[in-house]
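Have a look at model-v3.cif; it's mmCIF, C-alpha atoms and all ligand atoms:
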```
data_coords
loop_
_atom_site.label_atom_id
_atom_site.label_comp_id
_atom_site.auth_asym_id
_atom_site.auth_seq_id
_atom_site.Cartn_x
_atom_site.Cartn_y
_atom_site.Cartn_z
CA MET A 1 33.40 19.32 23.13
CA ALA A 2 31.54 19.82 19.86
CA GLY A 3 28.34 17.79 19.83
CA GLN A 4 27.37 15.18 17.33
CA LEU A 5 24.23 15.78 15.36
CA LEU A 6 21.28 13.56 16.20
CA ASP A 7 19.96 13.10 12.70
CA GLY A 8 16.17 12.79 12.85
CA LYS A 9 15.85 12.10 9.15
CA ALA A 10 18.17 9.09 9.35
CA ILE A 11 16.59 7.67 12.52
CA ALA A 12 13.08 8.23 11.14
CA LYS A 13 14.08 6.32 8.02
CA LYS A 14 15.20 3.41 10.16
CA VAL A 15 11.91 3.49 12.11
CA ARG A 16 9.89 3.57 8.88
CA ALA A 17 11.80 0.54 7.58
CA GLU A 18 10.96 -1.34 10.80
CA VAL A 19 7.31 -0.31 10.45
CA LYS A 20 7.24 -1.56 6.86
CA GLN A 21 8.50 -4.98 7.92
CA ARG A 22 5.94 -5.20 10.71
CA ALA A 23 3.16 -4.03 8.36
CA GLU A 24 4.11 -6.74 5.87
CA ALA A 25 4.09 -9.40 8.59
CA PHE A 26 0.71 -8.08 9.74
CA PHE A 27 -0.64 -8.33 6.20
CA GLU A 28 0.63 -11.93 5.91
CA ALA A 29 -1.04 -12.86 9.19
CA HIS A 30 -4.35 -11.03 8.84
CA GLY A 31 -4.91 -10.42 5.14
CA ARG A 32 -5.26 -6.67 5.55
CA LYS A 33 -3.04 -3.66 6.05
CA PRO A 34 -2.99 -1.72 9.31
CA GLY A 35 -5.45 1.15 8.76
CA LEU A 36 -4.71 4.75 9.70
CA HIS A 37 -7.49 7.32 9.31
CA VAL A 38 -6.69 11.01 9.69
CA VAL A 39 -9.42 13.62 10.10
CA LEU A 40 -8.66 17.11 8.81
CA VAL A 41 -11.21 19.88 9.35
CA GLY A 42 -10.81 23.13 7.44
CA GLU A 43 -7.94 24.55 5.41
CA ASP A 44 -5.17 25.40 7.86
CA PRO A 45 -2.16 25.42 5.49
CA ALA A 46 0.33 23.83 7.90
CA SER A 47 -2.16 21.09 8.81
CA GLN A 48 -2.78 20.38 5.13
CA VAL A 49 0.94 19.78 4.61
CA TYR A 50 1.25 17.61 7.75
CA VAL A 51 -1.75 15.52 6.79
CA ARG A 52 -0.58 15.00 3.22
CA ASN A 53 2.81 13.88 4.58
CA LYS A 54 1.13 11.46 6.97
CA GLU A 55 -0.97 9.96 4.17
CA ARG A 56 2.03 9.57 1.88
CA ALA A 57 4.26 8.11 4.60
CA ALA A 58 1.52 5.64 5.58
CA GLY A 59 1.21 4.34 2.02
CA LYS A 60 4.98 3.97 1.61
CA ALA A 61 5.24 2.00 4.86
CA GLY A 62 2.59 -0.52 3.79
CA LEU A 63 -0.27 0.94 5.79
CA ASP A 64 -3.73 1.73 4.53
CA GLY A 65 -3.73 5.51 5.05
CA HIS A 66 -6.89 7.51 4.53
CA VAL A 67 -7.70 11.20 5.04
CA HIS A 68 -11.20 12.51 5.79
CA ARG A 69 -11.28 16.14 4.70
CA LEU A 70 -14.17 18.05 6.25
CA PRO A 71 -15.21 21.64 5.49
CA ALA A 72 -14.19 24.44 7.87
CA ASP A 73 -17.85 24.95 8.92
CA THR A 74 -18.28 21.33 10.10
CA THR A 75 -20.38 21.09 13.27
CA GLN A 76 -19.30 19.48 16.50
CA ALA A 77 -22.01 16.84 16.05
CA ASP A 78 -20.87 15.94 12.53
CA LEU A 79 -17.25 15.64 13.60
CA GLU A 80 -18.17 13.50 16.59
CA ALA A 81 -20.38 11.31 14.38
CA LEU A 82 -17.42 10.69 12.06
CA VAL A 83 -15.19 9.68 14.96
CA ALA A 84 -17.91 7.29 16.19
CA LYS A 85 -18.08 5.75 12.72
CA LEU A 86 -14.30 5.28 12.58
CA ASN A 87 -14.37 3.74 16.07
CA ALA A 88 -16.92 1.18 14.88
CA ASP A 89 -15.02 0.10 11.74
CA PRO A 90 -12.91 -3.00 12.52
CA ALA A 91 -10.52 -2.35 9.59
CA ILE A 92 -9.44 0.95 11.15
CA ASP A 93 -6.63 0.62 13.70
CA GLY A 94 -5.62 4.23 14.16
CA ILE A 95 -7.59 7.49 14.31
CA LEU A 96 -5.93 10.90 14.36
CA VAL A 97 -7.86 14.16 14.49
CA GLN A 98 -5.50 16.84 13.24
CA LEU A 99 -5.18 19.83 15.56
CA PRO A 100 -5.85 22.72 15.74
CA LEU A 101 -9.54 22.53 14.87
CA PRO A 102 -11.43 25.53 13.50
CA GLU A 103 -12.65 27.96 16.17
CA GLN A 104 -16.24 26.76 16.48
CA LEU A 105 -15.11 23.25 17.39
CA GLU A 106 -13.96 21.95 20.75
CA ALA A 107 -11.11 19.46 20.55
CA GLN A 108 -11.37 17.78 23.93
CA PRO A 109 -14.83 16.18 23.54
CA VAL A 110 -13.71 14.83 20.15
CA LEU A 111 -10.46 13.36 21.52
CA ASP A 112 -12.39 11.91 24.48
CA LEU A 113 -14.50 9.92 22.02
CA ILE A 114 -11.64 8.15 20.27
CA ASP A 115 -11.50 4.44 21.10
CA PRO A 116 -8.31 4.14 23.24
CA SER A 117 -7.28 1.03 21.30
CA LYS A 118 -7.13 3.26 18.17
CA ASP A 119 -5.60 6.32 19.83
CA VAL A 120 -2.40 6.44 17.77
CA ASP A 121 -1.93 10.10 18.73
CA GLY A 122 -1.84 9.11 22.41
CA LEU A 123 -3.88 12.15 23.41
CA THR A 124 -6.98 10.59 24.99
CA PRO A 125 -7.35 10.66 28.78
CA MET A 126 -7.08 6.84 28.78
CA SER A 127 -3.71 6.90 27.00
CA ALA A 128 -2.47 9.67 29.30
CA GLY A 129 -3.59 7.66 32.35
CA LEU A 130 -1.89 4.48 31.14
CA LEU A 131 1.33 6.44 30.61
CA MET A 132 1.12 7.96 34.08
CA ASP A 133 0.64 4.49 35.52
CA GLY A 134 3.53 3.03 33.48
CA ARG A 135 1.18 0.52 31.82
CA PRO A 136 1.29 -0.47 28.13
CA GLY A 137 -0.64 1.93 25.94
CA LEU A 138 -0.27 4.18 22.93
CA ARG A 139 2.12 7.05 23.62
CA PRO A 140 2.07 10.48 21.93
CA CYS A 141 4.23 10.51 18.80
CA THR A 142 6.65 13.40 19.35
CA PRO A 143 7.69 12.28 22.86
CA SER A 144 8.07 8.72 21.53
CA GLY A 145 10.32 10.16 18.83
CA CYS A 146 12.41 11.92 21.49
CA MET A 147 12.81 8.68 23.44
CA ARG A 148 13.80 6.77 20.34
CA MET A 149 16.44 9.39 19.55
CA LEU A 150 17.82 9.14 23.09
CA GLU A 151 17.98 5.37 22.66
CA GLU A 152 19.98 5.83 19.47
CA THR A 153 22.65 7.84 21.31
CA GLY A 154 23.28 4.87 23.60
CA VAL A 155 23.34 7.27 26.57
CA GLU A 156 22.08 5.57 29.73
CA LEU A 157 19.23 7.56 31.31
CA GLU A 158 19.04 5.81 34.66
CA GLY A 159 19.93 8.18 37.48
CA LYS A 160 20.65 11.06 35.08
CA ARG A 161 19.17 14.51 35.49
CA ALA A 162 16.68 15.29 32.74
CA LEU A 163 15.14 18.72 32.28
CA VAL A 164 11.95 19.15 30.26
CA VAL A 165 11.20 22.73 29.27
CA GLY A 166 7.49 22.98 28.42
CA ARG A 167 4.41 21.30 29.90
CA SER A 168 2.05 20.67 27.00
CA LEU A 169 -0.15 17.59 26.72
CA LEU A 170 1.40 16.92 23.30
CA VAL A 171 5.06 16.91 24.39
CA GLY A 172 6.21 18.26 27.77
CA LYS A 173 4.08 16.23 30.17
CA PRO A 174 4.31 12.90 28.35
CA VAL A 175 8.04 13.12 27.66
CA ALA A 176 8.66 13.87 31.36
CA LEU A 177 6.75 10.70 32.32
CA MET A 178 8.60 8.67 29.70
CA LEU A 179 11.97 9.87 31.03
CA LEU A 180 10.80 9.04 34.54
CA ALA A 181 9.90 5.53 33.37
CA LYS A 182 13.56 5.19 32.31
CA ASN A 183 14.61 6.13 35.86
CA ALA A 184 15.90 9.59 35.02
CA THR A 185 15.56 12.28 37.69
CA VAL A 186 13.16 14.59 35.95
CA THR A 187 12.64 18.32 36.40
CA MET A 188 9.86 20.14 34.58
CA ALA A 189 10.46 23.75 33.69
CA HIS A 190 8.17 26.08 31.77
CA SER A 191 7.61 29.71 30.79
CA ARG A 192 7.24 30.79 34.46
CA THR A 193 10.26 28.92 35.80
CA LYS A 194 12.72 31.09 37.70
CA GLU A 195 16.46 30.44 37.26
CA LEU A 196 16.02 28.46 34.07
CA ALA A 197 19.74 28.90 33.34
CA ALA A 198 20.63 27.07 36.56
CA ARG A 199 18.19 24.24 35.82
CA VAL A 200 19.62 23.79 32.32
CA ALA A 201 23.20 23.90 33.65
CA GLU A 202 22.63 20.88 35.90
CA ALA A 203 20.82 18.75 33.30
CA ASP A 204 22.40 15.74 31.58
CA VAL A 205 19.47 15.66 29.15
CA VAL A 206 17.50 18.71 28.01
CA VAL A 207 14.23 18.42 26.11
CA ALA A 208 13.13 21.87 24.97
CA ALA A 209 9.46 21.99 23.98
CA VAL A 210 8.25 25.40 25.06
CA GLY A 211 7.71 27.10 21.70
CA ARG A 212 9.93 30.13 22.31
CA ALA A 213 12.70 30.81 19.84
CA GLU A 214 16.15 30.21 21.33
CA LEU A 215 14.92 30.52 24.92
CA VAL A 216 17.57 28.01 26.01
CA LYS A 217 20.97 29.65 25.65
CA GLY A 218 23.92 27.63 24.46
CA GLU A 219 26.15 28.82 27.28
CA TRP A 220 23.72 27.34 29.86
CA VAL A 221 24.14 23.81 28.51
CA LYS A 222 26.21 21.45 30.65
CA GLU A 223 29.34 20.11 28.99
CA GLY A 224 28.47 16.71 27.49
CA ALA A 225 24.68 17.03 27.84
CA VAL A 226 22.24 15.57 25.30
CA VAL A 227 19.98 18.28 23.87
CA LEU A 228 16.69 17.56 22.09
CA ASP A 229 14.99 20.57 20.55
CA VAL A 230 11.29 20.10 19.81
CA GLY A 231 10.69 23.79 19.06
CA ILE A 232 9.75 25.01 15.60
CA ASN A 233 9.77 28.81 15.46
CA ARG A 234 10.37 31.29 12.69
CA ASN A 235 12.79 34.16 13.12
CA GLU A 236 12.44 37.60 11.46
CA GLU A 237 13.99 36.31 8.24
CA GLY A 238 11.47 33.48 8.11
CA LYS A 239 14.08 30.86 8.93
CA LEU A 240 13.04 27.88 11.10
CA ILE A 241 14.72 27.92 14.49
CA GLY A 242 14.29 25.85 17.63
CA ASP A 243 13.86 26.60 21.33
CA VAL A 244 17.62 26.19 21.81
CA GLU A 245 20.40 28.48 20.64
CA PHE A 246 21.79 25.78 18.38
CA ALA A 247 25.31 26.86 17.37
CA ALA A 248 26.42 27.71 20.91
CA ALA A 249 24.70 24.66 22.44
CA LYS A 250 26.38 22.38 19.91
CA GLU A 251 29.79 23.45 21.22
CA ARG A 252 28.93 22.05 24.67
CA ALA A 253 26.53 19.16 24.05
CA SER A 254 27.57 15.56 23.36
CA TRP A 255 24.52 15.11 21.12
CA ILE A 256 22.10 17.68 19.77
CA THR A 257 19.15 17.69 17.38
CA PRO A 258 19.09 20.30 14.61
CA VAL A 259 15.97 22.28 13.64
CA PRO A 260 14.74 21.39 11.09
CA GLY A 261 15.73 17.74 10.55
CA GLY A 262 15.85 16.72 14.21
CA VAL A 263 12.81 15.71 16.23
CA GLY A 264 10.40 16.82 13.49
CA PRO A 265 10.82 13.88 11.08
CA MET A 266 10.44 11.44 13.98
CA THR A 267 6.81 12.36 14.70
CA ILE A 268 5.29 10.82 11.58
CA ALA A 269 7.55 7.77 11.84
CA MET A 270 6.32 7.15 15.39
CA LEU A 271 2.71 7.66 14.28
CA LEU A 272 3.18 4.86 11.76
CA ALA A 273 4.81 2.69 14.44
CA ASN A 274 1.87 3.37 16.80
CA THR A 275 -0.58 2.37 14.07
CA VAL A 276 1.09 -1.00 13.55
CA THR A 277 1.27 -1.49 17.33
CA ALA A 278 -2.46 -0.68 17.61
CA ALA A 279 -3.26 -3.09 14.76
CA GLU A 280 -1.20 -5.90 16.31
CA ARG A 281 -2.76 -5.40 19.74
CA ARG A 282 -6.29 -5.19 18.36
CA GLU A 283 -5.84 -8.44 16.43
CA ALA A 284 -4.24 -10.13 19.46
CA GLY A 285 -7.18 -8.96 21.58
CA LYS A 286 -9.60 -10.87 19.35
CA ASP A 287 -8.16 -14.27 20.37
N1 LIG B 301 -0.96 19.10 15.19
C1 LIG B 301 0.37 19.30 15.35
N2 LIG B 301 0.93 18.21 15.90
C2 LIG B 301 -0.05 17.32 16.09
C3 LIG B 301 -0.09 16.00 16.62
O1 LIG B 301 0.91 15.41 17.04
N3 LIG B 301 -1.30 15.42 16.65
C4 LIG B 301 -2.41 16.04 16.22
N4 LIG B 301 -3.56 15.39 16.28
N5 LIG B 301 -2.42 17.25 15.71
C5 LIG B 301 -1.24 17.89 15.65
#
```
Show how you would write the structure in this file as structure tokens.
Amino acid sequence: MAGQLLDGKAIAKKVRAEVKQRAEAFFEAHGRKPGLHVVLVGEDPASQVYVRNKERAAGKAGLDGHVHRLPADTTQADLEALVAKLNADPAIDGILVQLPLPEQLEAQPVLDLIDPSKDVDGLTPMSAGLLMDGRPGLRPCTPSGCMRMLEETGVELEGKRALVVGRSLLVGKPVALMLLAKNATVTMAHSRTKELAARVAEADVVVAAVGRAELVKGEWVKEGAVVLDVGINRNEEGKLIGDVEFAAAKERASWITPVPGGVGPMTIAMLLANTVTAAERREAGKD
């Protein structure tokens, strides 16, 4: 069976169109646009590109996107003071502190400060706790993008075996909990897992988010499995490749995401969706 491509660009476009409609309805109801504020510290080139894309996508979707660019030598106190100011501003619905931060800064105390009602990145301990408990809350964007892509395949997750490779706070752990919430039987694998081939071979759904180029071999993939590749690695020629051996995996999978153009484009779309959700909930909470 040769797998069908799960086209992240196309699904992200659909999500952005939905966000735009919701943002317009929000504007009609409340006389303001949902506000997304992104904090970028320093000059990390990849982060600069991501942040510019977030700002542009926010504007196009009818959100009020704003970037706070701080110098690389910003102090912990100054960064925390900015987050406190953004927390206090009622016109701001979403706050995202772009990671990684420069070396002298600690991320966790900054994330801990973000008002959970504005945590559109889903990385605060409150958001993580709500997810673990299966309660409504803001979920991290990349895992939300994975779940939306699975939804688009129409594949039923209940009772299926899902394997998550990777255990990061950003992707692995939250996506495992989100699959569990859909009644999948979830296994978490990681860089120290023994017999990874056997775990992959029994999985109906594989989410690879371990950050190791082509760690998951195509021949391991179960016939008909759905494969989501969150990895973004560069090979020796500088080409972007995922955590899955794509060409071989595609021959066995029913659905598979390419790299690039798979999960990647979904992240920003889900960030915009989270911002509108946060705005709607914050306004509803005022009643
Ligand atoms: N850097 C790379 N991905 C992300 C993300 O999803 N959120 C934040 N805050 N920083 C990132």
- Task: Would you be able to write out as a count of residues only which residues have an atom within 12 Å of (15.2, 6.8, 11.4) in the file's coordinates, counting all atoms listed in the file?
- Result: 31
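The contact shell of ligand LIG 301 (chain B), defined as all polymer residues within 8 Å when all atoms listed in the file are used, comprises Ser47, Tyr50, Leu96, Val97, Gln98, Leu99, Pro100, Asp121, Leu123, Pro140, Cys141, Thr142, Leu170 and Thr267 of chain A.
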- Task: Rank A:Ala91, A:Leu150, A:Ala2, A:Ala176 by their smallest atom-to-atom distance to Glu251 of chain A, using all atoms listed in the file, and report the top residue only.
- Result: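 Going through A:Ala91, A:Leu150, A:Ala2, A:Ala176 one by one, the smallest distance to Glu251 of chain A is for A:Ala2.
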- Item | A:Ser191, A:Asn235, A:Thr75, A:Thr275 ranked by distance to Arg139 of chain A, top pick (using only C-alpha atoms) | A:Thr275
- May I ask which of the residues A:Thr124, A:Ser168, A:Ser117, A:Gln108 is the closest one to Ala284 of chain A, counting only C-alpha atoms? A:Ser117
